[in-house]
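> Got a file for you: final_18.cif, mmCIF, C-alpha atoms (C1' of nucleotides).
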data_target
#
loop_
_atom_site.group_PDB
_atom_site.id
_atom_site.type_symbol
_atom_site.label_atom_id
_atom_site.label_comp_id
_atom_site.auth_asym_id
_atom_site.auth_seq_id
_atom_site.Cartn_x
_atom_site.Cartn_y
_atom_site.Cartn_z
ATOM 1 C CA MET I 242 117.242 96.771 80.482
ATOM 2 C CA SER I 243 120.424 96.246 82.394
ATOM 3 C CA LYS I 244 121.400 97.779 85.704
ATOM 4 C CA GLN I 245 124.450 98.051 87.932
ATOM 5 C CA LEU I 246 125.511 94.917 89.729
ATOM 6 C CA PRO I 247 126.001 96.037 93.310
ATOM 7 C CA LEU I 248 127.552 92.765 94.370
ATOM 8 C CA ALA I 249 130.004 92.810 91.511
ATOM 9 C CA ALA I 250 131.826 95.753 93.016
ATOM 10 C CA MET I 251 132.146 94.250 96.463
ATOM 11 C CA ASP I 252 134.801 92.190 98.129
ATOM 12 C CA VAL I 253 132.380 89.561 99.303
ATOM 13 C CA CYS I 254 133.614 87.049 96.802
ATOM 14 C CA CYS I 255 136.148 85.267 98.922
ATOM 15 C CA SER I 256 135.222 85.840 102.509
ATOM 16 C CA PRO I 257 132.563 83.533 103.906
ATOM 17 C CA LEU I 258 130.232 84.786 106.575
ATOM 18 C CA ALA I 259 131.739 82.362 109.040
ATOM 19 C CA ARG I 260 135.357 83.389 108.536
ATOM 20 C CA GLU I 261 135.086 86.921 109.861
ATOM 21 C CA PRO I 262 132.262 89.289 110.815
ATOM 22 C CA LEU I 263 130.602 91.047 107.900
ATOM 23 C CA SER I 264 131.012 94.788 107.796
ATOM 24 C CA GLU I 265 127.839 96.790 107.965
ATOM 25 C CA PRO I 266 128.031 97.926 104.286
ATOM 26 C CA GLN I 267 128.712 94.356 103.192
ATOM 27 C CA ALA I 268 125.714 93.178 105.189
ATOM 28 C CA VAL I 269 123.498 95.854 103.642
ATOM 29 C CA GLU I 270 124.469 94.878 100.097
ATOM 30 C CA LEU I 271 124.184 91.160 100.726
ATOM 31 C CA ALA I 272 120.833 91.591 102.438
ATOM 32 C CA LYS I 273 119.442 93.236 99.307
ATOM 33 C CA VAL I 274 120.313 90.225 97.179
ATOM 34 C CA PHE I 275 119.078 87.706 99.718
ATOM 35 C CA LYS I 276 115.858 89.682 99.970
ATOM 36 C CA ALA I 277 115.468 89.281 96.225
ATOM 37 C CA ILE I 278 115.523 85.493 96.592
ATOM 38 C CA SER I 279 113.464 85.387 99.771
ATOM 39 C CA ASP I 280 110.200 84.933 97.879
ATOM 40 C CA PRO I 281 109.035 81.533 96.595
ATOM 41 C CA ILE I 282 107.975 82.876 93.210
ATOM 42 C CA ARG I 283 111.261 84.683 92.676
ATOM 43 C CA LEU I 284 113.242 81.602 93.729
ATOM 44 C CA ARG I 285 111.351 79.480 91.230
ATOM 45 C CA LEU I 286 111.745 82.134 88.528
ATOM 46 C CA LEU I 287 115.477 82.179 89.132
ATOM 47 C CA SER I 288 115.613 78.400 89.077
ATOM 48 C CA LEU I 289 113.528 78.157 85.907
ATOM 49 C CA ILE I 290 115.767 80.640 84.129
ATOM 50 C CA ALA I 291 119.021 79.141 85.392
ATOM 51 C CA SER I 292 118.048 75.592 84.550
ATOM 52 C CA HIS I 293 116.430 76.351 81.199
ATOM 53 C CA GLU I 294 118.086 74.964 78.131
ATOM 54 C CA GLY I 295 120.470 77.437 76.599
ATOM 55 C CA GLY I 296 120.696 79.245 79.928
ATOM 56 C CA GLU I 297 117.894 81.605 79.081
ATOM 57 C CA ALA I 298 114.130 81.636 79.265
ATOM 58 C CA CYS I 299 111.367 83.674 77.652
ATOM 59 C CA VAL I 300 108.894 85.432 79.922
ATOM 60 C CA CYS I 301 106.164 83.537 78.122
ATOM 61 C CA ASP I 302 107.702 80.282 79.377
ATOM 62 C CA LEU I 303 107.783 81.595 82.926
ATOM 63 C CA THR I 304 104.314 83.049 83.261
ATOM 64 C CA ASP I 305 102.573 79.742 82.659
ATOM 65 C CA ALA I 306 104.311 78.093 85.608
ATOM 66 C CA PHE I 307 102.543 80.264 88.182
ATOM 67 C CA ASP I 308 99.055 81.083 89.366
ATOM 68 C CA VAL I 309 99.644 84.821 89.559
ATOM 69 C CA THR I 310 98.915 87.415 86.902
ATOM 70 C CA GLY I 311 101.359 88.734 84.313
ATOM 71 C CA PRO I 312 102.052 92.030 86.045
ATOM 72 C CA THR I 313 102.998 90.156 89.200
ATOM 73 C CA ILE I 314 105.564 88.102 87.288
ATOM 74 C CA SER I 315 106.846 91.311 85.711
ATOM 75 C CA HIS I 316 107.224 92.801 89.165
ATOM 76 C CA HIS I 317 109.200 89.831 90.476
ATOM 77 C CA LEU I 318 111.440 89.784 87.413
ATOM 78 C CA LYS I 319 112.132 93.462 88.018
ATOM 79 C CA VAL I 320 113.180 92.761 91.605
ATOM 80 C CA LEU I 321 115.548 90.030 90.408
ATOM 81 C CA ARG I 322 116.880 92.344 87.699
ATOM 82 C CA GLU I 323 117.522 95.212 90.112
ATOM 83 C CA SER I 324 119.344 92.893 92.473
ATOM 84 C CA GLY I 325 121.757 92.010 89.676
ATOM 85 C CA LEU I 326 120.828 88.343 89.640
ATOM 86 C CA ILE I 327 119.342 88.266 86.158
ATOM 87 C CA ASP I 328 119.272 90.320 83.011
ATOM 88 C CA GLY I 329 116.687 90.613 80.267
ATOM 89 C CA GLU I 330 116.971 91.186 76.558
ATOM 90 C CA ARG I 331 114.241 91.862 74.051
ATOM 91 C CA ARG I 332 114.471 89.900 70.805
ATOM 92 C CA GLY I 333 111.543 90.649 68.568
ATOM 93 C CA THR I 334 108.273 90.115 70.317
ATOM 94 C CA TRP I 335 109.682 88.245 73.278
ATOM 95 C CA VAL I 336 111.946 89.095 76.205
ATOM 96 C CA TYR I 337 114.565 86.569 77.286
ATOM 97 C CA TYR I 338 116.121 86.422 80.730
ATOM 98 C CA ARG I 339 119.375 84.824 81.841
ATOM 99 C CA VAL I 340 121.178 84.641 85.174
ATOM 100 C CA HIS I 341 124.495 86.197 86.159
ATOM 101 C CA PRO I 342 126.378 83.128 87.411
ATOM 102 C CA GLU I 343 129.050 85.225 89.151
ATOM 103 C CA VAL I 344 126.501 86.776 91.477
ATOM 104 C CA LEU I 345 125.071 83.366 92.294
ATOM 105 C CA ALA I 346 128.584 82.050 92.881
ATOM 106 C CA ARG I 347 129.385 84.870 95.274
ATOM 107 C CA LEU I 348 126.246 84.332 97.296
ATOM 108 C CA SER I 349 127.084 80.658 97.494
ATOM 109 C CA ALA I 350 130.641 81.411 98.606
ATOM 110 C CA VAL I 351 129.513 83.759 101.361
ATOM 111 C CA LEU I 352 127.358 81.048 102.910
ATOM 112 C CA VAL I 353 130.015 78.358 103.026
ATOM 113 C CA PRO I 354 130.208 77.341 106.692
ATOM 114 C CA ALA I 355 133.409 77.505 108.678
ATOM 115 C CA ASP I 356 135.756 74.585 108.416
ATOM 116 C CA PRO I 357 135.506 73.047 111.913
ATOM 117 C CA ALA I 358 139.285 72.704 111.948
ATOM 118 C CA THR I 359 139.750 76.446 111.515
ATOM 119 C CA VAL I 360 137.371 77.484 114.277
ATOM 120 C CA PRO I 361 139.494 78.568 117.210
ATOM 121 C CA ALA I 362 138.592 76.479 120.228
ATOM 122 C CA MET W 71 114.997 76.889 123.046
ATOM 123 C CA SER W 72 115.349 74.656 120.056
ATOM 124 C CA LYS W 73 112.910 74.209 117.185
ATOM 125 C CA GLN W 74 112.438 71.997 114.160
ATOM 126 C CA LEU W 75 114.852 72.452 111.288
ATOM 127 C CA PRO W 76 112.634 72.671 108.231
ATOM 128 C CA LEU W 77 115.538 72.551 105.821
ATOM 129 C CA ALA W 78 117.015 69.505 107.493
ATOM 130 C CA ALA W 79 114.130 67.363 106.340
ATOM 131 C CA MET W 80 114.250 68.490 102.745
ATOM 132 C CA ASP W 81 116.039 67.169 99.710
ATOM 133 C CA VAL W 82 117.538 70.476 98.800
ATOM 134 C CA CYS W 83 120.998 69.439 99.874
ATOM 135 C CA CYS W 84 122.345 68.244 96.573
ATOM 136 C CA SER W 85 120.320 69.903 93.881
ATOM 137 C CA PRO W 86 121.428 73.402 92.931
ATOM 138 C CA LEU W 87 118.856 75.898 91.771
ATOM 139 C CA ALA W 88 120.432 75.925 88.353
ATOM 140 C CA ARG W 89 120.361 72.180 87.770
ATOM 141 C CA GLU W 90 116.615 71.735 87.700
ATOM 142 C CA PRO W 91 113.583 73.864 88.533
ATOM 143 C CA LEU W 92 112.744 74.052 92.219
ATOM 144 C CA SER W 93 109.447 72.524 93.220
ATOM 145 C CA GLU W 94 106.961 74.857 94.789
ATOM 146 C CA PRO W 95 107.308 73.337 98.288
ATOM 147 C CA GLN W 96 111.093 73.471 98.020
ATOM 148 C CA ALA W 97 110.877 77.114 97.011
ATOM 149 C CA VAL W 98 108.593 77.908 99.925
ATOM 150 C CA GLU W 99 110.951 76.328 102.453
ATOM 151 C CA LEU W 100 114.054 77.871 100.955
ATOM 152 C CA ALA W 101 112.416 81.291 100.773
ATOM 153 C CA LYS W 102 111.787 81.197 104.523
ATOM 154 C CA VAL W 103 115.473 80.689 105.259
ATOM 155 C CA PHE W 104 116.612 83.289 102.744
ATOM 156 C CA LYS W 105 114.126 85.730 104.242
ATOM 157 C CA ALA W 106 115.771 85.131 107.598
ATOM 158 C CA ILE W 107 119.106 86.314 106.208
ATOM 159 C CA SER W 108 117.669 89.106 104.089
ATOM 160 C CA ASP W 109 118.152 91.692 106.831
ATOM 161 C CA PRO W 110 121.489 93.417 107.456
ATOM 162 C CA ILE W 111 121.292 93.028 111.218
ATOM 163 C CA ARG W 112 120.472 89.335 111.005
ATOM 164 C CA LEU W 113 123.250 88.760 108.485
ATOM 165 C CA ARG W 114 125.740 90.406 110.810
ATOM 166 C CA LEU W 115 124.395 88.501 113.809
ATOM 167 C CA LEU W 116 124.817 85.250 111.919
ATOM 168 C CA SER W 117 128.309 86.241 110.849
ATOM 169 C CA LEU W 118 129.287 87.328 114.362
ATOM 170 C CA ILE W 119 128.093 84.039 115.823
ATOM 171 C CA ALA W 120 129.606 81.875 113.089
ATOM 172 C CA SER W 121 132.979 83.585 113.188
ATOM 173 C CA HIS W 122 133.205 83.889 116.960
ATOM 174 C CA GLU W 123 135.906 81.923 118.705
ATOM 175 C CA GLY W 124 134.649 78.587 119.876
ATOM 176 C CA GLY W 125 131.836 78.763 117.354
ATOM 177 C CA GLU W 126 129.449 80.374 119.789
ATOM 178 C CA ALA W 127 128.663 83.850 121.018
ATOM 179 C CA CYS W 128 126.879 85.302 124.023
ATOM 180 C CA VAL W 129 123.981 87.677 123.394
ATOM 181 C CA CYS W 130 125.859 90.219 125.484
ATOM 182 C CA ASP W 131 128.666 90.170 122.889
ATOM 183 C CA LEU W 132 126.187 90.696 120.073
ATOM 184 C CA THR W 133 124.075 93.519 121.432
ATOM 185 C CA ASP W 134 126.981 95.941 121.684
ATOM 186 C CA ALA W 135 127.742 95.683 117.971
ATOM 187 C CA PHE W 136 124.476 97.351 116.937
ATOM 188 C CA ASP W 137 122.651 100.617 117.383
ATOM 189 C CA VAL W 138 119.290 99.022 118.049
ATOM 190 C CA THR W 139 117.749 98.138 121.398
ATOM 191 C CA GLY W 140 117.992 94.808 123.175
ATOM 192 C CA PRO W 141 114.473 93.644 122.342
ATOM 193 C CA THR W 142 115.196 94.239 118.673
ATOM 194 C CA ILE W 143 118.250 91.993 118.841
ATOM 195 C CA SER W 144 116.152 89.421 120.675
ATOM 196 C CA HIS W 145 113.590 89.579 117.896
ATOM 197 C CA HIS W 146 116.185 89.060 115.172
ATOM 198 C CA LEU W 147 117.773 86.168 117.044
ATOM 199 C CA LYS W 148 114.344 84.599 117.289
ATOM 200 C CA VAL W 149 113.856 84.861 113.534
ATOM 201 C CA LEU W 150 117.220 83.202 112.947
ATOM 202 C CA ARG W 151 116.335 80.521 115.515
ATOM 203 C CA GLU W 152 112.969 79.773 113.949
ATOM 204 C CA SER W 153 114.562 79.457 110.536
ATOM 205 C CA GLY W 154 116.833 76.720 111.892
ATOM 206 C CA LEU W 155 120.022 78.663 111.241
ATOM 207 C CA ILE W 156 121.074 79.062 114.853
ATOM 208 C CA ASP W 157 120.318 77.628 118.240
ATOM 209 C CA GLY W 158 120.577 79.126 121.695
ATOM 210 C CA GLU W 159 121.439 77.640 125.065
ATOM 211 C CA ARG W 160 121.242 79.218 128.475
ATOM 212 C CA ARG W 161 124.260 78.671 130.718
ATOM 213 C CA GLY W 162 123.860 80.464 134.011
ATOM 214 C CA THR W 163 123.138 84.102 133.503
ATOM 215 C CA TRP W 164 124.006 84.205 129.833
ATOM 216 C CA VAL W 165 122.567 82.741 126.635
ATOM 217 C CA TYR W 166 124.954 81.416 124.007
ATOM 218 C CA TYR W 167 124.120 81.019 120.325
ATOM 219 C CA ARG W 168 125.776 78.846 117.707
ATOM 220 C CA VAL W 169 125.076 78.197 114.051
ATOM 221 C CA HIS W 170 123.924 74.983 112.390
ATOM 222 C CA PRO W 171 126.639 74.531 109.729
ATOM 223 C CA GLU W 172 124.584 71.951 107.798
ATOM 224 C CA VAL W 173 121.853 74.474 107.091
ATOM 225 C CA LEU W 174 124.392 77.026 105.935
ATOM 226 C CA ALA W 175 126.037 74.382 103.764
ATOM 227 C CA ARG W 176 122.740 73.483 102.133
ATOM 228 C CA LEU W 177 121.916 77.070 101.332
ATOM 229 C CA SER W 178 125.342 77.461 99.819
ATOM 230 C CA ALA W 179 124.924 74.302 97.750
ATOM 231 C CA VAL W 180 121.563 75.404 96.376
ATOM 232 C CA LEU W 181 123.064 78.615 95.031
ATOM 233 C CA VAL W 182 125.977 77.027 93.206
ATOM 234 C CA PRO W 183 125.620 78.172 89.586
ATOM 235 C CA ALA W 184 125.338 75.756 86.721
ATOM 236 C CA ASP W 185 128.531 74.418 85.291
ATOM 237 C CA PRO W 186 128.604 76.081 81.827
ATOM 238 C CA ALA W 187 129.601 72.738 80.323
ATOM 239 C CA THR W 188 126.433 71.091 81.586
ATOM 240 C CA VAL W 189 124.031 73.729 80.300
ATOM 241 C CA PRO W 190 122.349 72.281 77.230
ATOM 242 C CA ALA W 191 122.996 74.544 74.306
ATOM 243 C "C1'" DC G 242 112.986 85.949 150.213
ATOM 244 C "C1'" DC G 243 114.699 90.182 147.792
ATOM 245 C "C1'" DT G 244 116.971 92.305 144.393
ATOM 246 C "C1'" DC G 245 119.802 92.784 140.427
ATOM 247 C "C1'" DT G 246 120.950 91.627 135.660
ATOM 248 C "C1'" DA G 247 120.429 89.183 131.075
ATOM 249 C "C1'" DG G 248 117.329 88.214 127.967
ATOM 250 C "C1'" DA G 249 112.540 87.331 126.105
ATOM 251 C "C1'" DT G 250 107.722 88.752 125.268
ATOM 252 C "C1'" DA G 251 103.688 91.882 124.222
ATOM 253 C "C1'" DG G 252 101.565 95.429 121.969
ATOM 254 C "C1'" DA G 253 101.654 99.494 119.046
ATOM 255 C "C1'" DA G 254 103.262 102.605 115.225
ATOM 256 C "C1'" DG G 255 105.147 103.280 110.913
ATOM 257 C "C1'" DT G 256 106.994 101.271 106.743
ATOM 258 C "C1'" DC G 257 107.561 97.920 103.196
ATOM 259 C "C1'" DT G 258 105.827 94.090 100.138
ATOM 260 C "C1'" DG G 259 102.915 91.169 97.117
ATOM 261 C "C1'" DT G 260 99.117 91.290 94.404
ATOM 262 C "C1'" DC G 261 95.690 92.893 91.338
ATOM 263 C "C1'" DA G 262 93.031 95.740 87.703
ATOM 264 C "C1'" DA G 263 93.707 99.249 84.477
ATOM 265 C "C1'" DC G 264 96.540 101.390 81.399
ATOM 266 C "C1'" DA G 265 100.881 102.106 78.561
ATOM 267 C "C1'" DT G 266 104.581 100.612 75.349
ATOM 268 C "C1'" DA G 267 107.150 97.925 71.799
ATOM 269 C "C1'" DG G 268 107.475 95.172 67.836
ATOM 270 C "C1'" DA G 269 105.267 92.269 64.210
ATOM 271 C "C1'" DC G 270 102.420 92.155 60.458
ATOM 272 C "C1'" DG G 271 99.044 93.336 57.388
ATOM 273 C "C1'" DC M 83 98.803 103.499 59.760
ATOM 274 C "C1'" DG M 84 96.094 100.151 62.546
ATOM 275 C "C1'" DT M 85 95.757 96.326 65.173
ATOM 276 C "C1'" DC M 86 97.252 92.387 67.739
ATOM 277 C "C1'" DT M 87 100.215 90.243 71.160
ATOM 278 C "C1'" DA M 88 103.851 90.238 74.711
ATOM 279 C "C1'" DT M 89 105.634 92.848 78.587
ATOM 280 C "C1'" DG M 90 106.055 96.588 81.566
ATOM 281 C "C1'" DT M 91 104.166 100.478 84.593
ATOM 282 C "C1'" DT M 92 100.907 102.750 87.876
ATOM 283 C "C1'" DG M 93 98.117 103.134 91.716
ATOM 284 C "C1'" DA M 94 95.687 100.998 95.355
ATOM 285 C "C1'" DC M 95 95.032 97.945 99.229
ATOM 286 C "C1'" DA M 96 95.730 94.177 102.564
ATOM 287 C "C1'" DG M 97 98.991 91.870 105.132
ATOM 288 C "C1'" DA M 98 103.705 91.340 106.873
ATOM 289 C "C1'" DC M 99 107.925 93.359 108.858
ATOM 290 C "C1'" DT M 100 111.033 96.325 111.864
ATOM 291 C "C1'" DT M 101 111.460 98.857 115.688
ATOM 292 C "C1'" DC M 102 110.276 100.847 119.905
ATOM 293 C "C1'" DT M 103 108.596 101.118 125.064
ATOM 294 C "C1'" DA M 104 106.850 98.665 128.800
ATOM 295 C "C1'" DT M 105 106.607 94.501 131.069
ATOM 296 C "C1'" DC M 106 107.873 89.809 132.259
ATOM 297 C "C1'" DT M 107 110.953 85.626 133.454
ATOM 298 C "C1'" DA M 108 115.165 83.018 134.892
ATOM 299 C "C1'" DG M 109 119.019 82.543 137.444
ATOM 300 C "C1'" DA M 110 122.814 84.590 140.664
ATOM 301 C "C1'" DG M 111 123.942 86.207 145.024
ATOM 302 C "C1'" DG M 112 123.211 88.204 149.275
#
What's the structure tokens form of this structure?

Amino acid sequence: MSKQLPLAAMDVCCSPLAREPLSEPQAVELAKVFKAISDPIRLRLLSLIASHEGGEACVCDLTDAFDVTGPTISHHLKVLRESGLIDGERRGTWVYYRVHPEVLARLSAVLVPADPATVPA
Amino acid sequence: MSKQLPLAAMDVCCSPLAREPLSEPQAVELAKVFKAISDPIRLRLLSLIASHEGGEACVCDLTDAFDVTGPTISHHLKVLRESGLIDGERRGTWVYYRVHPEVLARLSAVLVPADPATVPA
DNA sequence: CCTCTAGATAGAAGTCTGTCAACATAGACG
DNA sequence: CGTCTATGTTGACAGACTTCTATCTAGAGG
């Protein structure tokens, strides 16, 4: 149920967008993850999982929060899984998802704007 | 050349994804901005502008960095403009773009992962 | 006023994405 | 084993997205 974490292997952890130009491969990898969170349902899924007590949420908890059908939720969870943002584990009848905080942290770090003092005039 | 900044009017500035579930309207607005940066060319454009000396870059500087045609760059700049991430200004023959650091900062803040200590066990 | 250049717009072609209905799979439990 | 429930997979279709060529606009400079 787990897949490779493309972002985990990249050196995007410490270099914000605004410090120096992204390389093309960096941009391609980052774009994949941002694309995964560029859908309202996926953003809310991610938020529901991340903010759920215990840090994990059952699919059954998630499905009820939306107006779309089960397969659609499954599809969105798969996109989030393949982007490395979340991971799922089956325990008995139910499947539980949790987020990978490192990936979230790296995305957040990349978007930190430039310190005005460090921008060359 | 300037448009409304949808994110600027929203209360997403201080509430990370992982603290509490995003509301549906919040998710819709955030998804628009993430979609704007979910393309490798737009990510690199944003990075080139943000990291350029003086905090701004001329379109003529940007076009050369890519293999696509001018109209395609124009299109991507328009998407970034309409998302509120950048703004353009004509000065004489050339058009200069600069980023809105507040919008970048808000995106970054939303993605900050939950402090493990604050996640209810 | 004419022309040249930087950049934006319009319209079209091909591709990708979100969604659903229908079907498949995995455990639980009798 | 048989059945029931929770998820996932497949295939199809409508709408959105990326890119191109062709065309247009704004300002500079003669």
> Restrict the calculation to only C-alpha atoms (C1' of nucleotides), then for each residue of chain M with any atom at most 10 Å from an atom of chain W give the closest atom pair and their distance in Å to one decimal, rows by chain and rising residue number, as a tab-separated table.

residue	atom	partner	partner_atom	distance
M:DT100	C1'	W:Thr142	CA	8.2
M:DT101	C1'	W:Thr142	CA	6.6
M:DC102	C1'	W:Thr139	CA	8.1
M:DT103	C1'	W:Pro141	CA	9.9
M:DA108	C1'	W:Thr163	CA	8.2
M:DG109	C1'	W:Thr163	CA	5.9
M:DA110	C1'	W:Thr163	CA	7.2
> Starting from the displayed file, determine the output of the PyMOL selection byres ((chain W and resi 113-127) around 9) and express the residue list as a PDB file with C-alpha atoms, keeping the file's coordinate frame.

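The result, written out as out_33.pdb:
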ATOM      1  CA  PRO I 257     132.563  83.533 103.906  1.00  0.00           C
ATOM      2  CA  LEU I 258     130.232  84.786 106.575  1.00  0.00           C
ATOM      3  CA  ALA I 259     131.739  82.362 109.040  1.00  0.00           C
ATOM      4  CA  ARG I 260     135.357  83.389 108.536  1.00  0.00           C
ATOM      5  CA  GLU I 261     135.086  86.921 109.861  1.00  0.00           C
ATOM      6  CA  PRO I 262     132.262  89.289 110.815  1.00  0.00           C
ATOM      7  CA  LEU I 263     130.602  91.047 107.900  1.00  0.00           C
ATOM      8  CA  SER I 264     131.012  94.788 107.796  1.00  0.00           C
ATOM      9  CA  GLU I 265     127.839  96.790 107.965  1.00  0.00           C
ATOM     10  CA  ALA I 268     125.714  93.178 105.189  1.00  0.00           C
ATOM     11  CA  VAL I 269     123.498  95.854 103.642  1.00  0.00           C
ATOM     12  CA  LEU I 271     124.184  91.160 100.726  1.00  0.00           C
ATOM     13  CA  ALA I 272     120.833  91.591 102.438  1.00  0.00           C
ATOM     14  CA  PRO I 354     130.208  77.341 106.692  1.00  0.00           C
ATOM     15  CA  ALA I 355     133.409  77.505 108.678  1.00  0.00           C
ATOM     16  CA  PRO I 357     135.506  73.047 111.913  1.00  0.00           C
ATOM     17  CA  VAL I 360     137.371  77.484 114.277  1.00  0.00           C
ATOM     18  CA  PRO I 361     139.494  78.568 117.210  1.00  0.00           C
ATOM     19  CA  ALA I 362     138.592  76.479 120.228  1.00  0.00           C
TER      20      ALA I 362
ATOM     21  CA  ALA W 106     115.771  85.131 107.598  1.00  0.00           C
ATOM     22  CA  ILE W 107     119.106  86.314 106.208  1.00  0.00           C
ATOM     23  CA  SER W 108     117.669  89.106 104.089  1.00  0.00           C
ATOM     24  CA  ASP W 109     118.152  91.692 106.831  1.00  0.00           C
ATOM     25  CA  PRO W 110     121.489  93.417 107.456  1.00  0.00           C
ATOM     26  CA  ILE W 111     121.292  93.028 111.218  1.00  0.00           C
ATOM     27  CA  ARG W 112     120.472  89.335 111.005  1.00  0.00           C
ATOM     28  CA  CYS W 128     126.879  85.302 124.023  1.00  0.00           C
ATOM     29  CA  VAL W 129     123.981  87.677 123.394  1.00  0.00           C
ATOM     30  CA  CYS W 130     125.859  90.219 125.484  1.00  0.00           C
ATOM     31  CA  ASP W 131     128.666  90.170 122.889  1.00  0.00           C
ATOM     32  CA  LEU W 132     126.187  90.696 120.073  1.00  0.00           C
ATOM     33  CA  ALA W 135     127.742  95.683 117.971  1.00  0.00           C
ATOM     34  CA  ILE W 143     118.250  91.993 118.841  1.00  0.00           C
ATOM     35  CA  HIS W 146     116.185  89.060 115.172  1.00  0.00           C
ATOM     36  CA  LEU W 147     117.773  86.168 117.044  1.00  0.00           C
ATOM     37  CA  LEU W 150     117.220  83.202 112.947  1.00  0.00           C
ATOM     38  CA  LEU W 155     120.022  78.663 111.241  1.00  0.00           C
ATOM     39  CA  ILE W 156     121.074  79.062 114.853  1.00  0.00           C
ATOM     40  CA  VAL W 165     122.567  82.741 126.635  1.00  0.00           C
ATOM     41  CA  TYR W 166     124.954  81.416 124.007  1.00  0.00           C
ATOM     42  CA  TYR W 167     124.120  81.019 120.325  1.00  0.00           C
ATOM     43  CA  ARG W 168     125.776  78.846 117.707  1.00  0.00           C
ATOM     44  CA  VAL W 169     125.076  78.197 114.051  1.00  0.00           C
ATOM     45  CA  HIS W 170     123.924  74.983 112.390  1.00  0.00           C
ATOM     46  CA  PRO W 171     126.639  74.531 109.729  1.00  0.00           C
TER      47      PRO W 171
END
> Of the candidates I:Pro266, I:Phe275, I:Asp308, I:Glu343, which shows the shortest atom-to-atom distance to chain G, using all atoms listed in the file?
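Among the listed residues, I:Asp308 lies closest to chain G.
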> With the PyMOL selection byres ((chain G) within 12 of (chain I)) as the selection, what would be picked from this file? Answer as number ranges by chain, please.
G: 258-264, 267-270
> What is the distance between atom CA of I:Ala346 and atom CA of W:Leu174, in Å to one decimal?
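The value is 14.6 Å.
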> Which residue is closest to chain W? Choose from I:Ser256, I:Leu348, I:Thr304, I:Asp328 and count all atoms listed in the file.
I:Leu348
